[in-house]
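Pasted below: work01.cif, mmCIF, C-alpha atoms.
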data_input
#
loop_
_atom_site.label_atom_id
_atom_site.label_comp_id
_atom_site.auth_asym_id
_atom_site.auth_seq_id
_atom_site.Cartn_x
_atom_site.Cartn_y
_atom_site.Cartn_z
CA MET A 427 -3.86 -100.51 12.11
CA ARG A 428 -5.67 -103.84 12.34
CA ILE A 429 -3.58 -106.83 13.42
CA GLY A 430 -4.80 -110.37 12.79
CA ILE A 431 -3.66 -113.02 15.26
CA LEU A 432 -3.39 -116.44 13.60
CA GLN A 433 -3.83 -118.62 16.69
CA ALA A 434 -2.04 -121.96 16.36
CA ASP A 435 -2.61 -123.23 19.90
CA ALA A 436 -4.34 -122.45 23.19
CA VAL A 437 -3.02 -122.07 26.72
CA ILE A 438 -3.96 -125.20 28.66
CA GLU A 439 -7.24 -124.78 30.47
CA GLN A 440 -5.88 -124.84 34.04
CA PHE A 441 -3.54 -121.93 33.23
CA GLN A 442 -6.05 -119.70 31.45
CA SER A 443 -7.63 -118.26 34.60
CA VAL A 444 -4.21 -116.92 35.65
CA HIS A 445 -2.41 -116.22 32.38
CA GLY A 446 -5.16 -115.79 29.80
CA ASN A 447 -4.81 -117.15 26.27
CA TYR A 448 -2.29 -116.47 23.51
CA PRO A 449 -4.33 -113.87 21.58
CA GLY A 450 -4.78 -111.85 24.75
CA MET A 451 -1.07 -112.08 25.59
CA ILE A 452 -0.11 -110.85 22.13
CA ALA A 453 -2.72 -108.10 22.05
CA GLY A 454 -1.54 -106.96 25.48
CA ILE A 455 2.15 -106.60 24.69
CA LEU A 456 1.68 -105.22 21.16
CA GLY A 457 -1.14 -102.93 22.24
CA SER A 458 1.09 -101.42 24.93
CA ALA A 459 3.90 -100.92 22.42
CA ALA A 460 1.52 -99.24 19.98
CA THR A 461 0.34 -96.87 22.72
CA GLU A 462 3.96 -95.96 23.48
CA LEU A 463 4.42 -95.18 19.79
CA ASN A 464 1.16 -93.18 19.56
CA LEU A 465 -0.40 -95.63 17.14
CA ASP A 466 -3.98 -96.87 17.26
CA VAL A 467 -4.32 -100.62 16.78
CA GLU A 468 -7.10 -103.18 16.95
CA PHE A 469 -6.87 -106.95 16.96
CA ARG A 470 -8.81 -109.79 15.38
CA ASN A 471 -8.31 -113.41 16.31
CA TYR A 472 -8.44 -116.34 13.89
CA ASP A 473 -8.33 -119.88 15.30
CA VAL A 474 -6.34 -121.38 12.45
CA GLU A 475 -5.80 -124.61 14.39
CA HIS A 476 -9.52 -125.19 13.82
CA GLY A 477 -9.66 -123.83 10.28
CA ILE A 478 -10.78 -120.25 10.96
CA TYR A 479 -9.15 -117.72 8.60
CA PRO A 480 -9.86 -114.17 7.40
CA ASP A 481 -12.33 -113.96 4.53
CA ALA A 482 -9.68 -112.00 2.62
CA THR A 483 -6.03 -111.21 3.32
CA ASP A 484 -6.77 -107.47 3.31
CA GLU A 485 -9.08 -107.94 6.29
CA CYS A 486 -6.07 -106.95 8.41
CA ASP A 487 -3.03 -104.76 7.83
CA ALA A 488 -0.64 -107.24 9.45
CA TYR A 489 -0.69 -110.76 10.84
CA VAL A 490 1.01 -112.65 13.69
CA ILE A 491 1.42 -116.43 13.79
CA THR A 492 1.49 -117.59 17.41
CA GLY A 493 3.45 -120.31 19.11
CA SER A 494 2.20 -123.88 19.40
CA LYS A 495 3.01 -127.10 21.22
CA LYS A 496 3.01 -128.81 17.82
CA SER A 497 6.00 -129.13 15.50
CA VAL A 498 5.82 -127.50 12.08
CA TYR A 499 6.85 -130.79 10.46
CA ASP A 500 3.92 -132.68 12.04
CA ASP A 501 1.66 -134.21 9.40
CA GLU A 502 -1.56 -132.43 10.33
CA PRO A 503 -3.98 -130.83 7.85
CA TRP A 504 -4.26 -127.54 9.73
CA ILE A 505 -0.47 -127.09 9.70
CA ALA A 506 -0.37 -127.72 5.94
CA ALA A 507 -3.18 -125.19 5.48
CA LEU A 508 -1.34 -122.59 7.55
CA LYS A 509 1.77 -123.09 5.43
CA GLU A 510 -0.31 -122.48 2.30
CA TYR A 511 -1.77 -119.33 3.83
CA THR A 512 1.72 -118.16 4.77
CA CYS A 513 2.79 -118.54 1.13
CA GLU A 514 -0.24 -116.50 0.08
CA LEU A 515 0.62 -113.70 2.53
CA HIS A 516 4.23 -113.77 1.30
CA GLN A 517 3.19 -113.53 -2.35
CA GLU A 518 1.03 -110.51 -1.53
CA GLU A 519 3.82 -109.03 0.64
CA LYS A 520 1.47 -108.67 3.59
CA LYS A 521 3.11 -107.76 6.88
CA LEU A 522 3.66 -111.01 8.77
CA VAL A 523 5.32 -111.72 12.12
CA GLY A 524 6.09 -115.24 13.34
CA LEU A 525 6.69 -116.12 16.99
CA CYS A 526 8.36 -119.43 17.97
CA PHE A 527 6.23 -121.99 16.07
CA GLY A 528 5.32 -119.13 13.72
CA HIS A 529 9.02 -118.38 13.15
CA GLN A 530 9.63 -122.02 12.29
CA LEU A 531 6.50 -122.40 10.17
CA VAL A 532 7.33 -119.40 7.98
CA ALA A 533 10.76 -120.90 7.37
CA GLU A 534 9.31 -124.30 6.42
CA ALA A 535 6.58 -122.81 4.24
CA LEU A 536 9.03 -120.72 2.24
CA GLY A 537 11.72 -123.34 1.66
CA GLY A 538 13.73 -123.39 4.88
CA LYS A 539 14.09 -126.25 7.33
CA THR A 540 13.11 -126.86 10.95
CA LEU A 541 14.20 -129.86 13.03
CA GLY A 542 14.51 -130.94 16.63
CA ALA A 543 17.55 -129.16 18.06
CA ASP A 544 20.64 -131.08 19.15
CA VAL A 545 20.73 -128.96 22.33
CA GLY A 546 17.24 -130.13 23.26
CA TRP A 547 14.84 -127.87 25.13
CA CYS A 548 15.61 -124.17 25.48
CA VAL A 549 13.61 -122.48 28.25
CA GLY A 550 13.67 -119.33 30.34
CA ILE A 551 15.21 -115.98 29.44
CA HIS A 552 17.86 -116.18 26.71
CA GLU A 553 20.07 -113.50 25.20
CA SER A 554 20.42 -112.83 21.47
CA GLU A 555 22.87 -110.61 19.64
CA VAL A 556 21.72 -108.45 16.75
CA ILE A 557 24.05 -109.13 13.85
CA GLN A 558 22.25 -106.99 11.28
CA SER A 559 20.57 -103.81 12.53
CA GLN A 560 17.33 -102.78 10.84
CA TRP A 561 15.43 -99.52 10.41
CA PHE A 562 12.82 -100.49 13.02
CA MET A 563 15.48 -101.00 15.71
CA SER A 564 16.76 -98.10 17.81
CA ASP A 565 20.53 -98.12 18.39
CA GLU A 566 20.20 -97.89 22.16
CA GLU A 567 17.95 -100.96 22.18
CA LEU A 568 20.18 -103.37 20.33
CA ASN A 569 22.55 -105.62 22.25
CA PRO A 570 22.06 -107.92 23.83
CA PHE A 571 18.30 -108.30 23.80
CA THR A 572 16.48 -110.87 25.90
CA LEU A 573 13.29 -112.82 25.39
CA ILE A 574 11.62 -115.77 27.04
CA VAL A 575 11.98 -118.96 25.01
CA SER A 576 10.28 -122.34 25.19
CA HIS A 577 11.16 -124.69 22.34
CA LYS A 578 12.83 -127.93 21.37
CA ASP A 579 12.78 -127.33 17.59
CA GLN A 580 14.86 -124.80 15.67
CA VAL A 581 15.18 -123.32 12.21
CA ILE A 582 18.33 -124.95 10.87
CA GLN A 583 18.09 -123.52 7.34
CA LEU A 584 16.69 -120.10 6.49
CA PRO A 585 14.29 -119.76 3.55
CA GLU A 586 15.50 -118.23 0.31
CA GLY A 587 15.80 -114.46 0.50
CA ALA A 588 15.87 -114.37 4.30
CA GLN A 589 18.27 -112.10 6.15
CA LEU A 590 19.55 -113.30 9.51
CA LEU A 591 19.07 -110.49 12.03
CA ALA A 592 19.95 -112.03 15.39
CA SER A 593 21.62 -115.10 16.81
CA ALA A 594 21.70 -116.81 20.21
CA GLU A 595 24.26 -119.24 21.60
CA GLN A 596 21.82 -122.15 21.64
CA CYS A 597 19.74 -120.96 18.69
CA PRO A 598 21.85 -119.51 15.85
CA ASN A 599 18.87 -118.53 13.67
CA SER A 600 16.89 -116.70 16.34
CA MET A 601 15.51 -113.83 14.21
CA TYR A 602 15.24 -113.22 10.47
CA SER A 603 13.40 -111.06 8.00
CA ILE A 604 12.33 -111.37 4.38
CA GLY A 605 12.04 -108.13 2.47
CA ASP A 606 10.12 -105.47 4.35
CA HIS A 607 7.10 -107.68 4.99
CA ILE A 608 8.19 -110.68 7.10
CA LEU A 609 9.81 -110.64 10.55
CA THR A 610 10.13 -113.75 12.70
CA MET A 611 11.77 -114.67 15.99
CA GLN A 612 12.22 -117.79 18.08
CA GLY A 613 11.46 -115.99 21.35
CA HIS A 614 8.15 -115.03 22.93
CA PRO A 615 7.69 -111.30 23.58
CA GLU A 616 4.16 -112.10 24.75
CA PHE A 617 5.23 -114.45 27.58
CA THR A 618 5.55 -113.34 31.20
CA ARG A 619 8.04 -114.70 33.70
CA GLU A 620 5.16 -116.25 35.63
CA TYR A 621 3.80 -118.11 32.61
CA SER A 622 7.29 -119.31 31.69
CA ARG A 623 7.79 -120.63 35.22
CA ASP A 624 4.47 -122.49 35.14
CA LEU A 625 5.31 -124.05 31.77
CA MET A 626 8.67 -125.22 33.08
CA GLU A 627 7.06 -126.66 36.20
CA MET A 628 4.53 -128.53 34.04
CA ARG A 629 7.36 -129.95 31.89
CA ARG A 630 9.80 -130.50 34.74
CA GLU A 631 10.30 -134.22 34.12
CA ILE A 632 10.56 -133.73 30.36
CA LEU A 633 13.14 -130.95 30.73
CA GLY A 634 15.37 -132.76 33.20
CA VAL A 635 16.97 -131.36 36.35
CA GLU A 636 19.69 -129.25 34.71
CA THR A 637 17.57 -127.61 32.01
CA TYR A 638 14.73 -126.96 34.46
CA SER A 639 17.02 -125.46 37.12
CA GLU A 640 18.90 -123.24 34.67
CA GLY A 641 15.64 -122.13 33.08
CA VAL A 642 14.06 -121.12 36.38
CA ALA A 643 17.25 -119.33 37.50
CA SER A 644 17.34 -117.39 34.22
CA LEU A 645 14.03 -115.72 35.06
CA ALA A 646 15.97 -113.35 37.33
CA LYS A 647 17.67 -111.81 34.26
CA PRO A 648 16.48 -108.51 32.78
CA LEU A 649 13.74 -109.00 30.19
CA LYS A 650 13.51 -106.69 27.18
CA LYS A 651 10.27 -107.90 25.66
CA ASN A 652 8.81 -104.38 25.53
CA ILE A 653 11.67 -103.33 23.27
CA ILE A 654 10.98 -106.22 20.91
CA ALA A 655 7.27 -105.39 20.92
CA ARG A 656 8.13 -101.86 19.77
CA TRP A 657 10.27 -103.35 16.99
CA ILE A 658 7.29 -105.42 15.86
CA ILE A 659 4.88 -102.47 15.83
CA ARG A 660 7.35 -100.25 13.96
CA PHE A 661 7.90 -103.07 11.47
CA MET A 662 4.17 -103.53 10.95
CA LYS A 663 3.60 -99.81 10.49
CA GLY A 664 6.31 -99.68 7.82
CA LYS A 665 9.25 -97.47 7.02
CA PRO A 666 8.77 -93.73 7.56
CA ALA A 667 8.24 -91.87 4.30
CA THR A 668 11.55 -90.05 4.73
CA GLU A 669 13.53 -93.31 4.52
#

Go through the file and emit its structure as structure tokens.
Amino acid sequence: MRIGILQADAVIEQFQSVHGNYPGMIAGILGSAATELNLDVEFRNYDVEHGIYPDATDECDAYVITGSKKSVYDDEPWIAALKEYTCELHQEEKKLVGLCFGHQLVAEALGGKTLGADVGWCVGIHESEVIQSQWFMSDEELNPFTLIVSHKDQVIQLPEGAQLLASAEQCPNSMYSIGDHILTMQGHPEFTREYSRDLMEMRREILGVETYSEGVASLAKPLKKNIIARWIIRFMKGKPATE
């Protein structure tokens, strides 16, 4: 299975020597999950922030839209182009996964709404509750699940046809799906605790004392990102023929 990474941002240069870049993070966590599930995968990266896209949508079997420091409602040509491409993938029912910015962009592109959240920044490890179990989730993996988050925007209105799958206290629309071809989540299965800590330290003044302190303390919680990565790979592979 070939997975295309639609890269919407880059790790800041001073962090790359330690943490790598977003395509490598995503390939690492999803590649490990695929190995656990005895599935061969390869990855291709497309720097959509700078206008680089696949020559054809069938160049890959599935796509992932990464996170970004930008907001999906920013008036920038590359964001508008990515929304158009998302609509194209949706029309063709290509497998598509959105992470953080990707989660929000899919919603906006398909008729939902994303705004700055009243709660402000959400950082660190947060819990979500599955409210609608799906075929790619194993029962023993369900509740609660935890992911690292880093966002100040949220999806406040789901797009038409979306099914809410999971909800968090500070982010009610934390995971949704559309049909059997789109899965998005506000959290970051690709992030490590160390990268999350460095991001919070970089944004310490922006976050404020309370949000920063609670975010750093939350990094001691269990992290179930490997479980979510397996969900993503199962979803991309598709339903077993017996179902």

What is the distance between CA of Asp624 (chain A) and CA of Thr540 (chain A), in Å to one decimal?
->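 These atoms are spaced 26.1 Å apart.
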
In terms of all atoms listed in the file, the residue from A:Val437, A:Val642, A:Val545, A:Met611 at minimal distance from Glu627 (chain A) is A:Val642

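Take CA of Lys650 (chain A) and CA of Thr572 (chain A): the distance between them is 5.3 Å.
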
Taking all atoms of region 476-484 of chain A that the file lists and extending 5 Å past them on each side, where is the centre of the axis-aligned box and how long are its edges? Answer in Å to one decimal, as lines of an AutoDock Vina configuration file.
center_x = -9.2
center_y = -116.3
center_z = 8.2
size_x = 16.3
size_y = 27.7
size_z = 21.2

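Note that the spacing between CA of Lys663 (chain A) and CA of Ser554 (chain A) amounts to 23.9 Å.
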
Identify all residues satisfying the PyMOL selection byres ((chain A and resi 524) around 10) in the given file; provide them as a PyMOL selection string.
-> chain A and resi 432+489-493+522-523+525-533+601-603+608-614

Produce region 543-563 of chain A of the given structure as output with N, CA and C atoms, as an mmCIF file, in the first residue's frame.
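Dumped to selection_33.cif:
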data_model
loop_
_atom_site.group_PDB
_atom_site.id
_atom_site.type_symbol
_atom_site.label_atom_id
_atom_site.label_comp_id
_atom_site.auth_asym_id
_atom_site.auth_seq_id
_atom_site.Cartn_x
_atom_site.Cartn_y
_atom_site.Cartn_z
ATOM 1 N N ALA A 543 -11.020 28.241 19.169
ATOM 2 C CA ALA A 543 -11.803 27.654 20.255
ATOM 3 C C ALA A 543 -11.911 28.609 21.441
ATOM 4 N N ASP A 544 -13.086 28.612 22.080
ATOM 5 C CA ASP A 544 -13.282 29.439 23.273
ATOM 6 C C ASP A 544 -12.326 29.045 24.396
ATOM 7 N N VAL A 545 -11.946 27.767 24.447
ATOM 8 C CA VAL A 545 -11.058 27.296 25.519
ATOM 9 C C VAL A 545 -9.608 27.688 25.266
ATOM 10 N N GLY A 546 -9.319 28.222 24.088
ATOM 11 C CA GLY A 546 -7.953 28.608 23.775
ATOM 12 C C GLY A 546 -7.098 27.413 23.399
ATOM 13 N N TRP A 547 -5.812 27.492 23.705
ATOM 14 C CA TRP A 547 -4.871 26.436 23.344
ATOM 15 C C TRP A 547 -5.145 25.156 24.116
ATOM 16 N N CYS A 548 -5.062 24.039 23.403
ATOM 17 C CA CYS A 548 -5.080 22.704 24.006
ATOM 18 C C CYS A 548 -3.738 22.057 23.684
ATOM 19 N N VAL A 549 -3.007 21.652 24.715
ATOM 20 C CA VAL A 549 -1.669 21.091 24.514
ATOM 21 C C VAL A 549 -1.455 19.912 25.451
ATOM 22 N N GLY A 550 -0.482 19.081 25.105
ATOM 23 C CA GLY A 550 -0.158 17.929 25.939
ATOM 24 C C GLY A 550 -0.977 16.709 25.566
ATOM 25 N N ILE A 551 -1.062 15.766 26.489
ATOM 26 C CA ILE A 551 -1.796 14.522 26.258
ATOM 27 C C ILE A 551 -3.228 14.681 26.752
ATOM 28 N N HIS A 552 -4.191 14.496 25.858
ATOM 29 C CA HIS A 552 -5.609 14.623 26.182
ATOM 30 C C HIS A 552 -6.327 13.304 25.917
ATOM 31 N N GLU A 553 -7.348 13.055 26.714
ATOM 32 C CA GLU A 553 -8.169 11.853 26.562
ATOM 33 C C GLU A 553 -9.383 12.144 25.692
ATOM 34 N N SER A 554 -9.769 11.154 24.892
ATOM 35 C CA SER A 554 -11.018 11.203 24.128
ATOM 36 C C SER A 554 -11.798 9.925 24.375
ATOM 37 N N GLU A 555 -13.100 10.035 24.313
ATOM 38 C CA GLU A 555 -13.985 8.886 24.465
ATOM 39 C C GLU A 555 -14.587 8.527 23.113
ATOM 40 N N VAL A 556 -14.486 7.272 22.743
ATOM 41 C CA VAL A 556 -15.147 6.797 21.528
ATOM 42 C C VAL A 556 -16.644 6.735 21.792
ATOM 43 N N ILE A 557 -17.409 7.403 20.958
ATOM 44 C CA ILE A 557 -18.860 7.390 21.124
ATOM 45 C C ILE A 557 -19.546 6.573 20.035
ATOM 46 N N GLN A 558 -18.786 6.189 19.019
ATOM 47 C CA GLN A 558 -19.327 5.348 17.954
ATOM 48 C C GLN A 558 -18.214 4.436 17.466
ATOM 49 N N SER A 559 -18.222 3.187 17.931
ATOM 50 C CA SER A 559 -17.173 2.242 17.556
ATOM 51 C C SER A 559 -17.263 1.905 16.066
ATOM 52 N N GLN A 560 -16.101 1.664 15.463
ATOM 53 C CA GLN A 560 -16.031 1.361 14.040
ATOM 54 C C GLN A 560 -15.307 0.040 13.809
ATOM 55 N N TRP A 561 -15.435 -0.494 12.611
ATOM 56 C CA TRP A 561 -14.889 -1.807 12.285
ATOM 57 C C TRP A 561 -13.374 -1.869 12.417
ATOM 58 N N PHE A 562 -12.693 -0.739 12.270
ATOM 59 C CA PHE A 562 -11.228 -0.746 12.343
ATOM 60 C C PHE A 562 -10.706 -0.594 13.775
ATOM 61 N N MET A 563 -11.610 -0.477 14.741
ATOM 62 C CA MET A 563 -11.242 -0.370 16.151
ATOM 63 C C MET A 563 -11.432 -1.716 16.837
#
